[in-house]
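**Q** This is start-v6.tsv, which holds TSV, C-alpha atoms:
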```tsv
chain	number	residue	atom	x	y	z
A	8	MET	CA	0.00	0.00	0.00
A	9	SER	CA	0.95	3.66	-0.30
A	10	LYS	CA	1.94	5.69	2.73
A	11	ASP	CA	0.11	8.68	4.12
A	12	ARG	CA	1.79	11.75	2.63
A	13	THR	CA	2.40	13.18	6.12
A	14	THR	CA	4.31	10.08	7.26
A	15	VAL	CA	6.53	9.36	4.28
A	16	GLU	CA	10.08	8.80	5.50
A	17	ASP	CA	12.58	11.16	3.88
A	18	ARG	CA	15.39	8.59	3.79
A	19	LEU	CA	15.61	6.91	0.37
A	20	ALA	CA	14.41	3.32	0.21
A	21	ALA	CA	17.61	2.47	-1.68
A	22	GLU	CA	19.52	3.61	1.40
A	23	GLY	CA	17.44	1.66	3.91
A	24	GLY	CA	14.41	3.90	4.21
A	25	THR	CA	10.78	2.85	3.90
A	26	PRO	CA	9.46	2.81	0.31
A	27	VAL	CA	6.69	5.25	-0.44
A	28	ARG	CA	4.72	2.45	-2.09
A	29	THR	CA	4.65	-1.34	-1.78
A	30	ALA	CA	1.44	-2.28	-3.66
A	31	PRO	CA	1.69	-2.90	-7.42
A	32	LEU	CA	0.20	-0.28	-9.72
A	33	PRO	CA	-2.46	-1.18	-12.27
A	34	GLY	CA	-0.77	-2.39	-15.46
A	35	THR	CA	-1.79	-3.30	-18.99
A	36	SER	CA	-0.51	-6.87	-18.78
A	37	ASP	CA	-3.51	-7.99	-16.70
A	38	ILE	CA	-7.07	-6.94	-15.87
A	39	SER	CA	-5.93	-4.40	-13.25
A	40	GLY	CA	-5.04	-1.94	-15.99
A	41	ARG	CA	-7.58	-2.92	-18.66
A	42	ARG	CA	-11.24	-2.00	-19.03
A	43	ILE	CA	-12.62	-5.33	-20.16
A	44	ASP	CA	-15.92	-6.63	-18.82
A	45	GLU	CA	-19.05	-8.56	-19.70
A	46	GLN	CA	-19.63	-6.44	-22.82
A	47	GLU	CA	-16.56	-7.86	-24.54
A	48	ILE	CA	-17.42	-11.36	-23.36
A	49	ALA	CA	-20.92	-11.06	-24.81
A	50	ALA	CA	-19.57	-9.70	-28.11
A	51	VAL	CA	-17.10	-12.56	-28.51
A	52	THR	CA	-19.74	-15.11	-27.51
A	53	ALA	CA	-22.10	-13.79	-30.16
A	54	VAL	CA	-19.44	-14.25	-32.84
A	55	LEU	CA	-18.69	-17.77	-31.66
A	56	ARG	CA	-22.38	-18.69	-31.69
A	57	SER	CA	-22.70	-17.33	-35.23
A	58	GLY	CA	-19.94	-19.62	-36.49
A	59	ARG	CA	-18.60	-16.74	-38.62
A	60	LEU	CA	-15.12	-16.08	-37.30
A	61	ASN	CA	-13.55	-14.88	-40.54
A	62	SER	CA	-14.06	-11.31	-41.72
A	63	THR	CA	-14.83	-12.43	-45.29
A	64	VAL	CA	-18.09	-13.97	-44.08
A	65	GLY	CA	-18.80	-12.05	-40.86
A	66	THR	CA	-19.94	-8.49	-40.18
A	67	GLU	CA	-18.02	-7.34	-37.09
A	68	THR	CA	-14.82	-6.27	-38.85
A	69	ARG	CA	-16.59	-4.14	-41.44
A	70	ALA	CA	-18.76	-2.63	-38.68
A	71	PHE	CA	-15.67	-1.84	-36.60
A	72	GLU	CA	-14.09	-0.10	-39.59
A	73	ALA	CA	-17.25	1.98	-40.03
A	74	ASP	CA	-17.34	2.91	-36.34
A	75	PHE	CA	-13.71	4.01	-36.39
A	76	GLY	CA	-14.21	5.96	-39.60
A	77	ALA	CA	-17.12	7.83	-38.04
A	78	LEU	CA	-15.07	8.67	-34.94
A	79	TYR	CA	-12.12	9.98	-36.97
A	80	GLY	CA	-14.10	11.50	-39.81
A	81	VAL	CA	-12.31	9.55	-42.53
A	82	ASP	CA	-13.67	7.77	-45.59
A	83	HIS	CA	-11.42	4.72	-45.69
A	84	VAL	CA	-10.54	2.45	-42.76
A	85	VAL	CA	-8.84	-0.92	-43.19
A	86	ALA	CA	-8.63	-3.27	-40.21
A	87	SER	CA	-5.74	-5.73	-40.02
A	88	SER	CA	-4.13	-8.25	-37.72
A	89	SER	CA	-1.65	-6.02	-35.84
A	90	GLY	CA	-0.26	-2.52	-35.53
A	91	THR	CA	2.79	-3.60	-37.51
A	92	SER	CA	0.57	-4.91	-40.29
A	93	ALA	CA	-1.33	-1.61	-40.30
A	94	LEU	CA	1.96	0.17	-40.98
A	95	HIS	CA	2.84	-2.41	-43.63
A	96	LEU	CA	-0.46	-1.66	-45.37
A	97	ALA	CA	0.41	2.04	-45.36
A	98	VAL	CA	3.90	1.50	-46.74
A	99	ALA	CA	2.51	-0.85	-49.39
A	100	ALA	CA	-0.13	1.73	-50.31
A	101	VAL	CA	2.65	4.28	-50.86
A	102	ASP	CA	4.12	1.64	-53.22
A	103	PRO	CA	7.88	2.32	-53.06
A	104	SER	CA	10.16	0.90	-55.72
A	105	PRO	CA	13.16	-1.14	-54.52
A	106	GLY	CA	15.74	1.22	-53.08
A	107	ASP	CA	13.33	4.09	-52.47
A	108	GLU	CA	13.82	5.79	-49.12
A	109	ILE	CA	11.42	6.35	-46.24
A	110	ILE	CA	12.45	8.71	-43.44
A	111	LEU	CA	11.60	7.83	-39.83
A	112	THR	CA	12.70	8.11	-36.21
A	113	GLY	CA	15.22	5.89	-34.45
A	114	LEU	CA	13.22	6.13	-31.21
A	115	SER	CA	10.30	3.75	-31.71
A	116	ASP	CA	9.25	0.13	-31.71
A	117	ALA	CA	10.71	-1.93	-34.57
A	118	GLY	CA	7.20	-2.17	-36.02
A	119	SER	CA	7.73	1.35	-37.37
A	120	MET	CA	10.81	0.22	-39.33
A	121	LEU	CA	10.28	-3.39	-40.42
A	122	PRO	CA	7.48	-2.73	-42.95
A	123	ILE	CA	9.85	-0.40	-44.81
A	124	LEU	CA	12.38	-3.21	-45.26
A	125	ALA	CA	9.60	-5.68	-46.06
A	126	GLN	CA	8.65	-3.51	-49.05
A	127	ASN	CA	12.30	-3.39	-50.21
A	128	ALA	CA	12.64	0.28	-49.27
A	129	VAL	CA	15.50	1.85	-47.32
A	130	PRO	CA	15.00	3.26	-43.80
A	131	VAL	CA	16.58	6.69	-43.41
A	132	PHE	CA	16.76	8.09	-39.90
A	133	ALA	CA	16.19	11.72	-38.94
A	134	ASP	CA	17.01	13.14	-35.52
A	135	LEU	CA	14.72	14.37	-32.76
A	136	ASP	CA	13.72	17.39	-30.75
A	137	PRO	CA	15.56	16.86	-27.43
A	138	ALA	CA	12.66	18.39	-25.48
A	139	THR	CA	10.04	15.91	-26.74
A	140	GLY	CA	11.71	12.89	-28.36
A	141	LEU	CA	9.67	13.59	-31.52
A	142	LEU	CA	10.91	14.03	-35.08
A	143	ASP	CA	12.70	17.30	-35.78
A	144	VAL	CA	11.35	18.89	-38.96
A	145	ALA	CA	14.67	20.46	-39.90
A	146	SER	CA	16.43	17.11	-39.60
A	147	VAL	CA	13.80	15.47	-41.78
A	148	ALA	CA	14.25	18.17	-44.42
A	149	GLU	CA	18.01	17.52	-44.47
A	150	LYS	CA	17.44	13.80	-45.13
A	151	ILE	CA	15.16	14.21	-48.18
A	152	THR	CA	16.75	13.09	-51.47
A	153	ASP	CA	15.48	12.33	-54.95
A	154	ARG	CA	14.86	8.75	-53.73
A	155	THR	CA	12.64	9.76	-50.80
A	156	LYS	CA	9.17	8.27	-51.18
A	157	ALA	CA	7.64	9.08	-47.79
A	158	VAL	CA	8.14	10.21	-44.21
A	159	LEU	CA	6.88	7.95	-41.40
A	160	VAL	CA	6.30	10.02	-38.28
A	161	VAL	CA	5.67	8.46	-34.84
A	162	HIS	CA	3.48	10.19	-32.25
A	163	LEU	CA	5.54	8.79	-29.40
A	164	PHE	CA	4.16	8.34	-25.88
A	165	GLY	CA	0.78	9.77	-26.97
A	166	ALA	CA	2.19	13.23	-27.79
A	167	ALA	CA	1.61	14.87	-31.16
A	168	ALA	CA	4.69	15.15	-33.37
A	169	PRO	CA	4.93	18.33	-35.52
A	170	VAL	CA	2.79	16.64	-38.12
A	171	GLU	CA	1.26	19.74	-39.65
A	172	GLU	CA	4.70	21.15	-40.38
A	173	LEU	CA	5.76	17.77	-41.76
A	174	ARG	CA	2.70	17.63	-44.02
A	175	SER	CA	3.61	21.04	-45.44
A	176	LEU	CA	7.18	19.86	-46.02
A	177	CYS	CA	6.02	16.64	-47.69
A	178	ASP	CA	3.58	18.50	-49.93
A	179	GLU	CA	6.34	20.89	-50.94
A	180	LYS	CA	8.65	18.00	-51.83
A	181	GLY	CA	5.99	15.85	-53.48
A	182	ILE	CA	6.30	12.96	-51.03
A	183	LEU	CA	3.79	11.19	-48.79
A	184	LEU	CA	3.35	11.28	-45.01
A	185	ILE	CA	2.46	8.23	-42.92
A	186	GLU	CA	1.48	8.72	-39.27
A	187	ASP	CA	2.21	6.00	-36.72
A	188	CYS	CA	-0.49	6.62	-34.09
A	189	ALA	CA	-0.09	3.32	-32.23
A	190	GLN	CA	0.49	5.22	-28.98
A	191	ALA	CA	-1.70	8.22	-29.76
A	192	TYR	CA	-5.43	7.52	-29.80
A	193	LEU	CA	-7.41	10.79	-29.73
A	194	THR	CA	-4.22	12.83	-29.55
A	195	THR	CA	-4.67	16.25	-31.15
A	196	THR	CA	-2.30	18.75	-32.73
A	197	PRO	CA	-1.96	22.32	-31.40
A	198	SER	CA	-4.58	23.37	-33.97
A	199	GLY	CA	-6.98	20.69	-32.69
A	200	ARG	CA	-6.74	18.11	-35.49
A	201	LEU	CA	-6.72	14.41	-34.63
A	202	VAL	CA	-3.36	12.85	-35.36
A	203	GLY	CA	-3.76	10.24	-38.05
A	204	THR	CA	-5.86	12.59	-40.17
A	205	VAL	CA	-3.15	15.13	-41.04
A	206	GLY	CA	-0.90	12.88	-43.11
A	207	HIS	CA	-1.85	10.87	-46.16
A	208	LEU	CA	-2.26	7.71	-44.05
A	209	GLY	CA	-2.67	7.05	-40.31
A	210	CYS	CA	-1.98	3.78	-38.50
A	211	PHE	CA	-3.19	2.48	-35.13
A	212	SER	CA	-2.50	-0.55	-32.93
A	213	LEU	CA	-4.79	-2.68	-30.79
A	214	GLN	CA	-1.95	-4.55	-29.08
A	215	GLN	CA	-2.26	-5.54	-25.42
A	216	SER	CA	-0.76	-2.38	-23.95
A	217	LYS	CA	-2.41	0.26	-26.13
A	218	HIS	CA	-5.21	2.63	-25.05
A	219	ILE	CA	-7.73	0.03	-26.26
A	220	THR	CA	-6.93	-3.57	-27.08
A	221	ALA	CA	-8.06	-6.70	-28.86
A	222	GLY	CA	-4.83	-8.48	-27.92
A	223	ASP	CA	-3.49	-7.50	-31.32
A	224	GLY	CA	-4.95	-5.72	-34.31
A	225	GLY	CA	-4.42	-2.67	-36.46
A	226	LEU	CA	-6.16	0.08	-38.39
A	227	THR	CA	-5.01	2.04	-41.43
A	228	ILE	CA	-6.99	5.17	-42.28
A	229	THR	CA	-7.01	7.67	-45.13
A	230	ASN	CA	-9.23	10.03	-47.07
A	231	ASP	CA	-7.47	9.18	-50.32
A	232	PRO	CA	-9.53	6.59	-52.25
A	233	ASP	CA	-6.55	5.24	-54.20
A	234	LEU	CA	-4.42	4.78	-51.08
A	235	GLY	CA	-7.39	3.27	-49.24
A	236	ARG	CA	-8.09	0.75	-51.99
A	237	ARG	CA	-4.47	-0.28	-52.30
A	238	ALA	CA	-4.20	-0.74	-48.52
A	239	ARG	CA	-7.34	-2.89	-48.49
A	240	LEU	CA	-6.13	-5.01	-51.36
A	241	PHE	CA	-2.72	-5.53	-49.76
A	242	MET	CA	-4.42	-6.66	-46.54
A	243	ASP	CA	-6.21	-9.48	-48.42
A	244	LYS	CA	-3.70	-10.89	-50.95
A	245	ALA	CA	-4.65	-8.18	-53.47
A	246	TRP	CA	-7.93	-10.04	-54.01
A	247	PRO	CA	-10.57	-7.56	-55.27
A	248	ARG	CA	-13.55	-9.01	-53.44
A	249	ASP	CA	-15.62	-5.92	-54.29
A	250	THR	CA	-15.62	-7.02	-57.95
A	251	ASP	CA	-16.19	-10.70	-57.10
A	252	GLU	CA	-13.12	-11.81	-59.06
A	253	ARG	CA	-10.88	-14.66	-57.89
A	254	THR	CA	-7.69	-12.92	-58.96
A	255	HIS	CA	-4.70	-11.24	-57.34
A	256	LEU	CA	-3.82	-7.83	-58.70
A	257	PHE	CA	-0.35	-7.47	-57.19
A	258	LEU	CA	1.86	-8.90	-54.45
A	259	GLY	CA	-0.12	-8.76	-51.22
A	260	LEU	CA	-0.37	-10.66	-47.94
A	261	ASN	CA	-3.06	-12.01	-45.65
A	262	TYR	CA	-3.33	-9.51	-42.81
A	263	ARG	CA	-7.07	-9.93	-42.19
A	264	MET	CA	-8.47	-9.12	-38.75
A	265	THR	CA	-10.62	-11.90	-37.31
A	266	GLU	CA	-14.23	-11.38	-36.26
A	267	LEU	CA	-13.21	-12.20	-32.67
A	268	GLN	CA	-10.69	-9.35	-32.64
A	269	ALA	CA	-13.19	-6.99	-34.22
A	270	ALA	CA	-15.92	-7.88	-31.73
A	271	VAL	CA	-13.66	-7.01	-28.81
A	272	ALA	CA	-12.35	-3.88	-30.55
A	273	ARG	CA	-15.86	-2.53	-31.28
A	274	VAL	CA	-16.72	-2.63	-27.59
A	275	GLN	CA	-13.35	-1.22	-26.61
A	276	LEU	CA	-13.89	1.69	-29.00
A	277	THR	CA	-16.95	2.78	-27.02
A	278	LYS	CA	-14.70	3.10	-23.95
A	279	LEU	CA	-11.87	4.98	-25.66
A	280	GLN	CA	-12.91	8.52	-24.77
A	281	GLY	CA	-13.20	7.63	-21.08
A	282	VAL	CA	-9.82	5.90	-21.14
A	283	VAL	CA	-8.12	8.93	-22.66
A	284	ASP	CA	-9.96	11.38	-20.39
A	285	ASP	CA	-8.81	9.51	-17.28
A	286	ARG	CA	-5.23	9.22	-18.52
A	287	ARG	CA	-5.17	12.93	-19.29
A	288	ARG	CA	-6.66	14.07	-16.00
A	289	ASN	CA	-4.16	12.21	-13.85
A	290	ALA	CA	-1.14	12.70	-16.12
A	291	ASN	CA	-1.71	16.43	-16.38
A	292	ARG	CA	-1.71	16.69	-12.59
A	293	PHE	CA	1.56	14.76	-12.39
A	294	ALA	CA	3.00	16.90	-15.19
A	295	GLU	CA	2.56	20.01	-13.03
A	296	THR	CA	4.94	18.50	-10.51
A	297	VAL	CA	7.42	17.30	-13.13
A	298	ASN	CA	7.63	20.71	-14.79
A	299	SER	CA	8.02	22.47	-11.44
A	300	LEU	CA	11.18	20.55	-10.49
A	301	PRO	CA	14.44	22.12	-11.73
A	302	GLY	CA	16.06	20.06	-14.47
A	303	LEU	CA	12.94	18.03	-15.28
A	304	SER	CA	10.26	18.44	-17.96
A	305	THR	CA	7.79	16.44	-20.00
A	306	VAL	CA	5.95	16.74	-23.33
A	307	PRO	CA	3.25	19.41	-23.78
A	308	THR	CA	0.09	18.37	-21.96
A	309	GLU	CA	-2.36	19.92	-24.45
A	310	GLY	CA	-3.77	17.23	-26.74
A	311	THR	CA	-1.53	14.43	-25.41
A	312	SER	CA	-3.22	11.10	-24.65
A	313	TRP	CA	-0.40	9.76	-22.42
A	314	TRP	CA	0.37	6.19	-23.43
A	315	LEU	CA	3.58	6.37	-21.40
A	316	PHE	CA	4.87	9.27	-19.33
A	317	PRO	CA	8.29	10.57	-20.46
A	318	ILE	CA	10.47	12.77	-18.28
A	319	PHE	CA	13.36	14.68	-19.84
A	320	LEU	CA	16.34	15.53	-17.67
A	321	ASP	CA	19.12	18.05	-17.62
A	322	PRO	CA	21.42	15.93	-15.41
A	323	ALA	CA	23.51	18.91	-14.29
A	324	THR	CA	20.46	20.69	-12.88
A	325	ALA	CA	18.48	17.61	-11.85
A	326	GLY	CA	21.46	16.23	-9.96
A	327	GLY	CA	21.45	12.86	-11.67
A	328	THR	CA	20.94	10.89	-14.85
A	329	ALA	CA	17.84	9.06	-15.99
A	330	GLU	CA	19.44	5.81	-14.84
A	331	GLU	CA	19.99	7.18	-11.34
A	332	TYR	CA	16.48	8.60	-11.09
A	333	ALA	CA	14.88	5.40	-12.38
A	334	GLN	CA	16.80	3.17	-10.01
A	335	LEU	CA	15.83	5.23	-6.97
A	336	MET	CA	12.19	5.51	-8.08
A	337	ARG	CA	11.90	1.75	-8.55
A	338	ALA	CA	13.18	1.25	-5.01
A	339	GLU	CA	10.37	3.54	-3.83
A	340	GLY	CA	7.75	1.41	-5.63
A	341	ILE	CA	7.24	3.37	-8.86
A	342	GLY	CA	8.31	1.65	-12.08
A	343	ALA	CA	10.64	3.74	-14.23
A	344	GLY	CA	13.26	3.06	-16.83
A	345	PRO	CA	15.82	5.06	-18.79
A	346	GLY	CA	15.72	5.58	-22.55
A	347	TYR	CA	12.51	3.74	-23.56
A	348	ILE	CA	14.41	1.33	-25.86
A	349	VAL	CA	17.87	-0.22	-25.45
A	350	GLN	CA	19.36	1.26	-28.61
A	351	PRO	CA	18.24	3.30	-31.62
A	352	LEU	CA	16.49	1.26	-34.28
A	353	TYR	CA	19.38	1.80	-36.66
A	354	LEU	CA	21.81	-0.05	-34.36
A	355	ASN	CA	19.88	-3.32	-34.51
A	356	PRO	CA	21.57	-6.22	-36.38
A	357	VAL	CA	18.83	-6.29	-39.01
A	358	LEU	CA	20.37	-3.04	-40.29
A	359	THR	CA	23.98	-3.00	-39.10
A	360	GLN	CA	24.54	-6.51	-40.49
A	361	ALA	CA	21.97	-6.24	-43.32
A	362	ARG	CA	20.11	-9.36	-42.17
A	363	THR	CA	17.23	-9.17	-44.60
A	364	TYR	CA	16.73	-11.62	-47.50
A	365	GLY	CA	19.08	-14.59	-47.21
A	366	ASP	CA	22.65	-13.42	-47.58
A	367	SER	CA	21.77	-10.72	-50.12
A	368	GLY	CA	21.46	-7.88	-47.64
A	369	PHE	CA	18.93	-6.35	-50.01
A	370	PRO	CA	18.01	-3.48	-50.15
A	371	ILE	CA	20.61	-2.08	-47.73
A	372	ALA	CA	23.73	-4.17	-48.42
A	373	ASP	CA	25.71	-1.18	-49.67
A	374	ARG	CA	24.43	1.12	-46.92
A	375	ALA	CA	24.74	-0.97	-43.75
A	376	SER	CA	27.83	0.96	-42.67
A	377	GLU	CA	25.69	4.10	-42.45
A	378	TYR	CA	23.76	2.57	-39.56
A	379	ALA	CA	26.31	3.34	-36.87
A	380	PRO	CA	26.74	5.26	-33.62
A	381	GLY	CA	26.67	9.00	-34.19
A	382	LEU	CA	24.02	8.88	-36.92
A	383	CYS	CA	21.45	10.73	-34.79
A	384	PRO	CA	23.16	12.33	-31.76
A	385	VAL	CA	20.01	13.60	-30.04
A	386	THR	CA	18.35	10.20	-30.36
A	387	GLU	CA	21.36	8.51	-28.80
A	388	ASP	CA	21.54	11.12	-26.04
A	389	LEU	CA	17.93	10.46	-25.06
A	390	ILE	CA	18.30	6.68	-25.12
A	391	SER	CA	21.69	6.20	-23.49
A	392	GLY	CA	22.88	9.63	-22.45
A	393	GLY	CA	20.87	9.82	-19.26
A	394	LYS	CA	18.46	12.47	-20.51
A	395	MET	CA	15.14	10.65	-20.75
A	396	MET	CA	13.21	8.46	-18.32
A	397	VAL	CA	9.91	6.73	-19.05
A	398	LEU	CA	7.16	5.76	-16.59
A	399	GLN	CA	4.18	3.52	-17.24
A	400	TRP	CA	0.81	5.24	-17.26
A	401	ASN	CA	-2.71	3.86	-16.95
A	402	GLU	CA	-6.35	4.89	-17.07
A	403	ASN	CA	-7.06	2.96	-13.87
A	404	TYR	CA	-4.67	4.95	-11.69
A	405	THR	CA	-6.44	6.48	-8.71
A	406	GLU	CA	-5.72	9.89	-7.23
A	407	ALA	CA	-3.76	8.08	-4.53
A	408	ASP	CA	-1.63	6.38	-7.20
A	409	VAL	CA	-0.81	9.78	-8.68
A	410	ASP	CA	-0.07	11.10	-5.19
A	411	ASP	CA	2.50	8.32	-4.86
A	412	HIS	CA	4.11	9.28	-8.19
A	413	ILE	CA	4.36	12.88	-7.00
A	414	ALA	CA	5.75	11.89	-3.61
A	415	VAL	CA	8.37	9.56	-5.09
A	416	LEU	CA	9.60	11.93	-7.79
A	417	THR	CA	9.73	14.84	-5.36
A	418	LYS	CA	11.61	12.76	-2.80
A	419	VAL	CA	14.16	11.48	-5.31
A	420	HIS	CA	14.65	14.92	-6.85
A	421	ARG	CA	15.17	16.47	-3.41
A	422	HIS	CA	17.99	14.00	-2.68
A	423	LEU	CA	19.70	14.10	-6.07
A	424	ALA	CA	19.34	17.77	-6.88
A	425	GLY	CA	20.37	18.73	-3.36
A	426	ARG	CA	23.41	16.53	-2.98
A	427	GLY	CA	25.76	19.04	-4.64
```
Will you turn the file into structure tokens for me?
**A**
Amino acid sequence: MSKDRTTVEDRLAAEGGTPVRTAPLPGTSDISGRRIDEQEIAAVTAVLRSGRLNSTVGTETRAFEADFGALYGVDHVVASSSGTSALHLAVAAVDPSPGDEIILTGLSDAGSMLPILAQNAVPVFADLDPATGLLDVASVAEKITDRTKAVLVVHLFGAAAPVEELRSLCDEKGILLIEDCAQAYLTTTPSGRLVGTVGHLGCFSLQQSKHITAGDGGLTITNDPDLGRRARLFMDKAWPRDTDERTHLFLGLNYRMTELQAAVARVQLTKLQGVVDDRRRNANRFAETVNSLPGLSTVPTEGTSWWLFPIFLDPATAGGTAEEYAQLMRAEGIGAGPGYIVQPLYLNPVLTQARTYGDSGFPIADRASEYAPGLCPVTEDLISGGKMMVLQWNENYTEADVDDHIAVLTKVHRHLAGRG
């Protein structure tokens, strides 16, 4: 359990003091941090009783697509089997030729990168804004060449990347913009637009830990009919079922969502606004504390849907690195970790050793040496330079849970920032 705020011991738990918190926080890996109830059970049961578990014969998947389209105000929604597949649909809809380049961030899940390689395109990495961990528009502009086909921007942690500026840049250069919104349901830009609707294509994930879940699942959205049709065809082996032809128009895969996934997702969608509202309310309160402590800051609160909670550090002012802060916070009962991922995407063996298609290294065999330390200095500083820490966040946190976050961070900051 958490301690009464008036009785919290000042001595750090890591130094023998009493932890602020001993009870586990709600988390997305079990029911404590998920909003799943009898509605989802009834929806799945109905599909099972119908005997129609495949989306080519059932109705749930198409209904889920329609529901999501209505929520986001878009004309074309294609459901698929995972968030990674949703991104693959988007990259396939862009239709790069072998060797074409797609610009992205090095601070993301590999699902943002792998579809690029799978379509025989070349990942090109732009650097980040050190204050947010989001793509830096100027860095993206520097990376554009005559081989650039698209930019893939990630709305990391539930915060909006500068997508409107990126759309203007892409329009100017005649390239396409894909938005990875896996962590950013109902996130809005400073002008109030939903992320996922600013670029040419938007992609969402229904994986276990996302704002809403069907275990796995994905959505690709667009208002462009040609991109929407190509994405739908790619999802279903390029089989044009709307024309009732048993033919395959181009190289596609089977990424169909099942009716069981769709049934769960339709119910989850009705809970999305409440999930985001609760995450925002509690995260915004915690953000006030974070931003008030010298040397610490977080992403802008306006429009952010808070999948995770990032804290950016100036170690000289904060008195310690992200590793030091995270270690002391974990000892106090609040989960925290430095850097979000272990290394930038471009330092994974799939790129550095060109482990792609057999021993060909295609399409990056002659470029693997470019994927090396120093490629994106800000990215590397955030991941391994002690300047970013990430905390879990959840819609089921109580006010007392947030009080514990505030008490722990304040306690750790007081010790580290004051030890000089």
**Q** Using only C-alpha atoms, find the one residue out of A:Glu339, A:Glu171, A:Asp143, A:Glu47 that sits nearest to A:Lys418.
**A**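 That would be A:Glu339, the residue with the smallest distance to A:Lys418.
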**Q** Got a sec: who's within 6 Å of A:Val158, counting only C-alpha atoms, leaving out chain neighbours fewer than 6 positions off, as a PyMOL selection string?
**A** chain A and resi 109-110+184
**Q** In Å, how far is it from atom CA of A:Gly65 to atom CA of A:Thr265?
**A**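 These two atoms are separated by 8.9 Å.
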**Q** For a quick check of understanding, using all atoms listed in the file, which of A:Pro103, A:Gly58, A:Gly140, A:Pro384 has the smallest distance to A:Phe319?
**A**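 Of all the options, A:Gly140 lies closest to A:Phe319.
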**Q** Would you mind reading off the distance between atom CA of A:Met336 and atom CA of A:Ser312, one decimal, in Å?
**A** 23.3 Å
**Q** Rounded to one decimal place, report the atom CA of A:Arg154-atom CA of A:Leu141 distance in Å.
**A**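 Spanning atom CA of A:Arg154 to atom CA of A:Leu141 is a straight-line distance of 23.3 Å.
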**Q** Write out as number ranges by chain which residues come within 12 Å of A:Ser57 when counting only C-alpha atoms, dropping same-chain ones fewer than 4 positions away.
**A** A: 50-53, 61, 64-67, 266-267
